[in-house]
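As structure tokens, the structure follows; a few thoughts come after it.
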Amino acid sequence: MIISVIITQLLLIALYIFIIGIVGFLVGRCIPKRKLDHTKFPYRLYGFENGGKLYRKLKIDGWQAWVPDMSKLTKKIMPEKRLDARPDLEQVLLMIRETCMAELIHVILAFLGLLIPVICPGILGWLVAIAYIVFGNLPYVIIQRYNRPRLVALYESCKRSKLKNPTNVMIMSANTGGGHNAVARVIRDYYEEQGYSVDIVDALRFKSDEYSRFIAGVHNFVYNHVAWLYGMGWSIVEHSRSFHFGEYSLNRLGFKASNKELYRCIIDNGYTTVICTHVFAAIMIGDTARKYNLLIKTGRVETDYTNSPGAEYGFVDHHFVPSYMMIPQMLGRGADRESVVVSGIPIRKEACIIGDKDEAKAALGVPPDKAHILIMFGTEGNGPIEDIVRRLREGLDNPAYISVVCGRNEKLCSRLSEKYGNETDIKIYGFVTNVPQIMDSTDIFIGKPGGISITEAAARKLALLLVMTVGGCEKNNRDFFVNHGAALSVSAVNYIAKECDMLISDKELRDEICEATGKLTRSDSARIIFETMNGCKEPDTVSEV
């Protein structure tokens, strides 16, 4: 009887601890981190802590790595507790605020642990409560107070370093797709080669970290799993831009709520130039610059072959577009001609260097007498890849070697490897770092018309066969390339084998497409952006693609 009572009480305690733990975790994810000031009570450092050295006496370096870490279990919800090789101020400040939040939540959970004896009166309840406080929460509080001084020191060091450099540049991207960040990195690399100090920041984080993760999560889910809804949403916004991005729209008012945080970031870091690779960022910086009368240079870089809905509401100095075809539309929406610059879409240097096809085929084991078909649908590997592979295997009349790049889609890679792993004329890749080499060996590229992926494929003069997975910007990208004779498109995967056979058989058509693709891209896009933003090149003298 006594054992039964004890077990019941322990189960109730375990349920209580589980519930407050889940609630504490959710509260920690929802509270805006910007309200947590590491310089004020209770998070500020105290003299007796000696910069965190006090906790070394507890041998913290030996045991903190063994303490369970929720960030490893919830990677898509919590930010990684690992700094990049070149951390920027935003990343370091986010980690500092995360330590403050973790400390706050575990202190609250420790106090809630004092209610355990209410659930289980007597010595057992007090023993469990003490164990929960001492072993379940106190170590986490100690870890945060040990790590925070080092993060604060790094933050102050980075801040001093940037204030000494009068050529600070901020590139505002958004985590609603890899293309925006990829373009941001290309521009950053070029600026740094010229001796500039550059930070890439997520524009949505100026509203809050939680807002950024929520928007990114919704966008990625809809984009990858409910493609028709993404296309419909784009169409609705495109045809009612003023409603969504006008001066008094809900989106615009929401962005304006971030003006103060963005202004402080610019002033604290001494940024002199802000370049945006997302329309949201352009709207935010335009409003902030006007409100606070900031004397900074601003620009927006289009990452697709269309003008993003609301682009005209981003009041920046320059709009960098991929083609002269975008200019009339921007002018029709009210943009100044002097502000619209044809730069092309910035892509990686290695993507612009075309290697020898025969050498690349030999290096990858591709038979020289077979057409090499590359299937690649972006880093996440989302799309009708399995269906395409099956239809090509069953419907191709011409001999071909097929390479499939699954990216980070490990499940897809596993399924295809299990099904086709033993075949000699098909190669299944997971996440790869030698995309340029694979493209060099390619005759026909099958993929979705994402702005960056088709630009890199076009830069290598590949015959493009585009498959629609979502509408919106990808439909505009497809139409742009097809209308310029730089790609073929299939409306349904059913026709993929027939179109591939036509490209394999008709070398003249394939060569025409390859020649047309080369005319739509350029390798100096980042340089044009740099020279225009720094007054080295007049916008009107920039050659048009």
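For the structure tokens, the naming scheme is as follows: chains receive sequential letters (A, B, ...) according to their order of presentation, residues are indexed from 1 within each chain, and ligands are indexed from 1 in presentation order.
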Could you give me, as a PyMOL selection string, each residue of stretch 467-519 of chain A that DSSP assigns to strand (DSSP E) when run on this structure's backbone? chain A and resi 467+488-490
Output C-alpha atoms for every residue in the selection just made, as a compact mmCIF listing (two decimals), in the first residue's frame.
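Done, and the output landed in part_34.txt:
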```txt
# COMPACT_ATOMS: atom_id res chain seq x y z
CA VAL A 467 9.43 22.16 -63.85
CA LEU A 488 12.00 24.71 -72.11
CA SER A 489 9.23 24.13 -69.61
CA VAL A 490 6.89 21.27 -68.84
```
Residues near stretch 99-112 of chain A, anyone? I mean within 7 Å using only C-alpha atoms, not counting same-chain ones fewer than 2 positions away, as JSON, numbers by chain. {"A": [24, 28, 36, 38, 43, 95, 96, 97, 114, 115, 133, 137, 140, 141, 144, 148]}
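Between A:Asn434 and the candidates A:Ile60, A:Leu93, A:Val405, A:Val27, the tightest atom-to-atom separation, counting only C-alpha atoms, involves A:Val405.
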Based on the backbone DSSP call, show me all residues of stretch 175-341 of chain A assigned helix (DSSP H, G or I), as a ChimeraX atom specification. /A:178-193,203-206,209-225,227-238,241-245,250-256,259-269,279-292,311-313,324-332,337-339
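If you look at atom CA of A:Arg527 and atom CA of A:Val92, they are 29.4 Å away from each other.
The protein and nucleic acid residues lying at most 7 Å from A:Ala216 are A:Asn175, A:Thr176, A:Ser212, A:Arg213, A:His219, A:Asn220, with only C-alpha atoms considered and sequence neighbours fewer than 3 positions away removed.
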Keeping N, CA and C atoms, export the residues of the selection given above as a compact mmCIF listing (two decimals), in the first residue's frame.
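Final output, selection_22.txt:
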```txt
# COMPACT_ATOMS: atom_id res chain seq x y z
N ASN A 175 15.05 35.31 -43.69
CA ASN A 175 15.18 33.85 -43.71
C ASN A 175 13.95 33.16 -44.30
N THR A 176 13.36 33.78 -45.33
CA THR A 176 12.21 33.19 -46.01
C THR A 176 12.64 32.55 -47.32
N SER A 212 10.41 36.36 -36.60
CA SER A 212 11.22 35.89 -37.72
C SER A 212 11.07 34.39 -37.91
N ARG A 213 11.17 33.63 -36.82
CA ARG A 213 11.05 32.18 -36.92
C ARG A 213 9.64 31.77 -37.34
N HIS A 219 6.32 30.30 -44.10
CA HIS A 219 6.73 30.40 -45.51
C HIS A 219 7.26 29.07 -46.02
N ASN A 220 8.17 28.45 -45.27
CA ASN A 220 8.79 27.21 -45.72
C ASN A 220 7.78 26.06 -45.80
```
Given the choices A:Ser453, A:Ser339, A:Ser173, A:Ser523, which gets closest to A:Ala282 if the distance is worked out from only C-alpha atoms?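 Comparing A:Ser453, A:Ser339, A:Ser173, A:Ser523 against A:Ala282, the winner is A:Ser173.
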Fewer than 2 positions away in the same chain doesn't count, so skip those; otherwise give me all residues within 10 Å of A:Lys297, counting only C-alpha atoms, as a ChimeraX atom specification. /A:169,271-275,289,294-295,299,316-318,533-534
Please indicate the distance in Å from atom CA of A:Val183 to atom CA of A:Trp234, rounded to one decimal place.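 Those two atoms sit 21.2 Å apart.
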Env of A:Thr517: 9 Å cut, atoms = only C-alpha atoms, seq-sep filter 3 positions within chain, self excluded. Answer as a list in words.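 So, after excluding close chain neighbours, the residues are Thr455, Ala457, Ala458, Ala459, Arg460, Lys461, Leu462, Ala463, Leu464, Phe481, His484, Gly485, Ala486, Ala487, Glu512, Ile513, Cys514, Leu520 and Thr521 of chain A.
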List the spatial neighbours of A:Glu386 as a compact mmCIF listing (two decimals) with N, CA and C atoms, in the first residue's frame - criterion: any atom at most 8 Å away, only C-alpha atoms, same-chain residues fewer than 2 positions off excluded.
```
# COMPACT_ATOMS: atom_id res chain seq x y z
N PRO A 384 8.94 17.22 -57.23
CA PRO A 384 8.53 15.89 -57.73
C PRO A 384 9.72 15.09 -58.26
N ILE A 388 9.95 12.33 -61.35
CA ILE A 388 10.75 12.66 -62.54
C ILE A 388 11.73 11.53 -62.85
N VAL A 389 12.42 11.05 -61.81
CA VAL A 389 13.39 9.96 -62.02
C VAL A 389 12.69 8.73 -62.58
N ARG A 390 11.54 8.39 -62.02
CA ARG A 390 10.81 7.20 -62.48
C ARG A 390 10.40 7.34 -63.94
N LEU A 412 14.59 11.50 -48.96
CA LEU A 412 14.55 11.30 -50.41
C LEU A 412 15.80 10.59 -50.90
N LEU A 416 15.80 6.95 -52.84
CA LEU A 416 16.33 6.80 -54.20
C LEU A 416 17.56 5.89 -54.23
```
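Between A:Ala311 and the residues A:Glu238, A:Glu359, A:Glu350, A:Glu423, the shortest atom-to-atom distance, using only C-alpha atoms, involves A:Glu238.
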Separation of atom CA of A:Phe245 from atom CA of A:Val321 in Å: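 Taking atom CA of A:Val321 as the start and atom CA of A:Phe245 as the end point, the length is 19.7 Å.
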Please provide the set of residues having any atom within 6 Å of A:Met170, restricted to only C-alpha atoms, with same-chain residues fewer than 4 positions apart removed, written as a PDB file with all heavy atoms, in the first residue's frame.
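Done, and the output landed in around-v4.pdb:
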```pdb
ATOM      1  N   VAL A 198      31.481  44.022 -43.237  1.00  0.00           N
ATOM      2  CA  VAL A 198      30.106  43.718 -43.645  1.00  0.00           C
ATOM      3  C   VAL A 198      29.436  42.766 -42.663  1.00  0.00           C
ATOM      4  O   VAL A 198      30.046  41.789 -42.217  1.00  0.00           O
ATOM      5  CB  VAL A 198      30.076  43.084 -45.059  1.00  0.00           C
ATOM      6  CG1 VAL A 198      28.634  42.868 -45.509  1.00  0.00           C
ATOM      7  CG2 VAL A 198      30.814  43.963 -46.058  1.00  0.00           C
ATOM      8  N   ASP A 199      28.175  43.064 -42.340  1.00  0.00           N
ATOM      9  CA  ASP A 199      27.351  42.158 -41.539  1.00  0.00           C
ATOM     10  C   ASP A 199      26.097  41.815 -42.329  1.00  0.00           C
ATOM     11  O   ASP A 199      25.493  42.685 -42.959  1.00  0.00           O
ATOM     12  CB  ASP A 199      26.927  42.812 -40.218  1.00  0.00           C
ATOM     13  CG  ASP A 199      28.070  42.925 -39.240  1.00  0.00           C
ATOM     14  OD1 ASP A 199      28.917  42.015 -39.219  1.00  0.00           O
ATOM     15  OD2 ASP A 199      28.128  43.928 -38.506  1.00  0.00           O
ATOM     16  N   ILE A 200      25.720  40.544 -42.297  1.00  0.00           N
ATOM     17  CA  ILE A 200      24.444  40.117 -42.872  1.00  0.00           C
ATOM     18  C   ILE A 200      23.474  39.897 -41.716  1.00  0.00           C
ATOM     19  O   ILE A 200      23.779  39.158 -40.778  1.00  0.00           O
ATOM     20  CB  ILE A 200      24.592  38.819 -43.684  1.00  0.00           C
ATOM     21  CG1 ILE A 200      25.537  39.031 -44.864  1.00  0.00           C
ATOM     22  CG2 ILE A 200      23.231  38.346 -44.187  1.00  0.00           C
ATOM     23  CD1 ILE A 200      25.810  37.775 -45.666  1.00  0.00           C
ATOM     24  N   VAL A 274      23.447  50.369 -46.407  1.00  0.00           N
ATOM     25  CA  VAL A 274      22.535  49.256 -46.137  1.00  0.00           C
ATOM     26  C   VAL A 274      22.004  48.739 -47.474  1.00  0.00           C
ATOM     27  O   VAL A 274      21.431  49.500 -48.259  1.00  0.00           O
ATOM     28  CB  VAL A 274      21.360  49.671 -45.239  1.00  0.00           C
ATOM     29  CG1 VAL A 274      20.413  48.489 -45.035  1.00  0.00           C
ATOM     30  CG2 VAL A 274      21.861  50.186 -43.895  1.00  0.00           C
TER      31      VAL A 274
END
```
Once you count only C-alpha atoms, what closest atom pair and distance in Å to one decimal does each residue of stretch 389-444 of chain A within 10 Å of stretch 491-495 of chain A have, with rows by chain and rising residue number, as CSV?
```
residue,atom,partner,partner_atom,distance
A:Arg391,CA,A:Asn494,CA,7.3
A:Leu392,CA,A:Tyr495,CA,9.6
A:Gly395,CA,A:Tyr495,CA,9.3
```
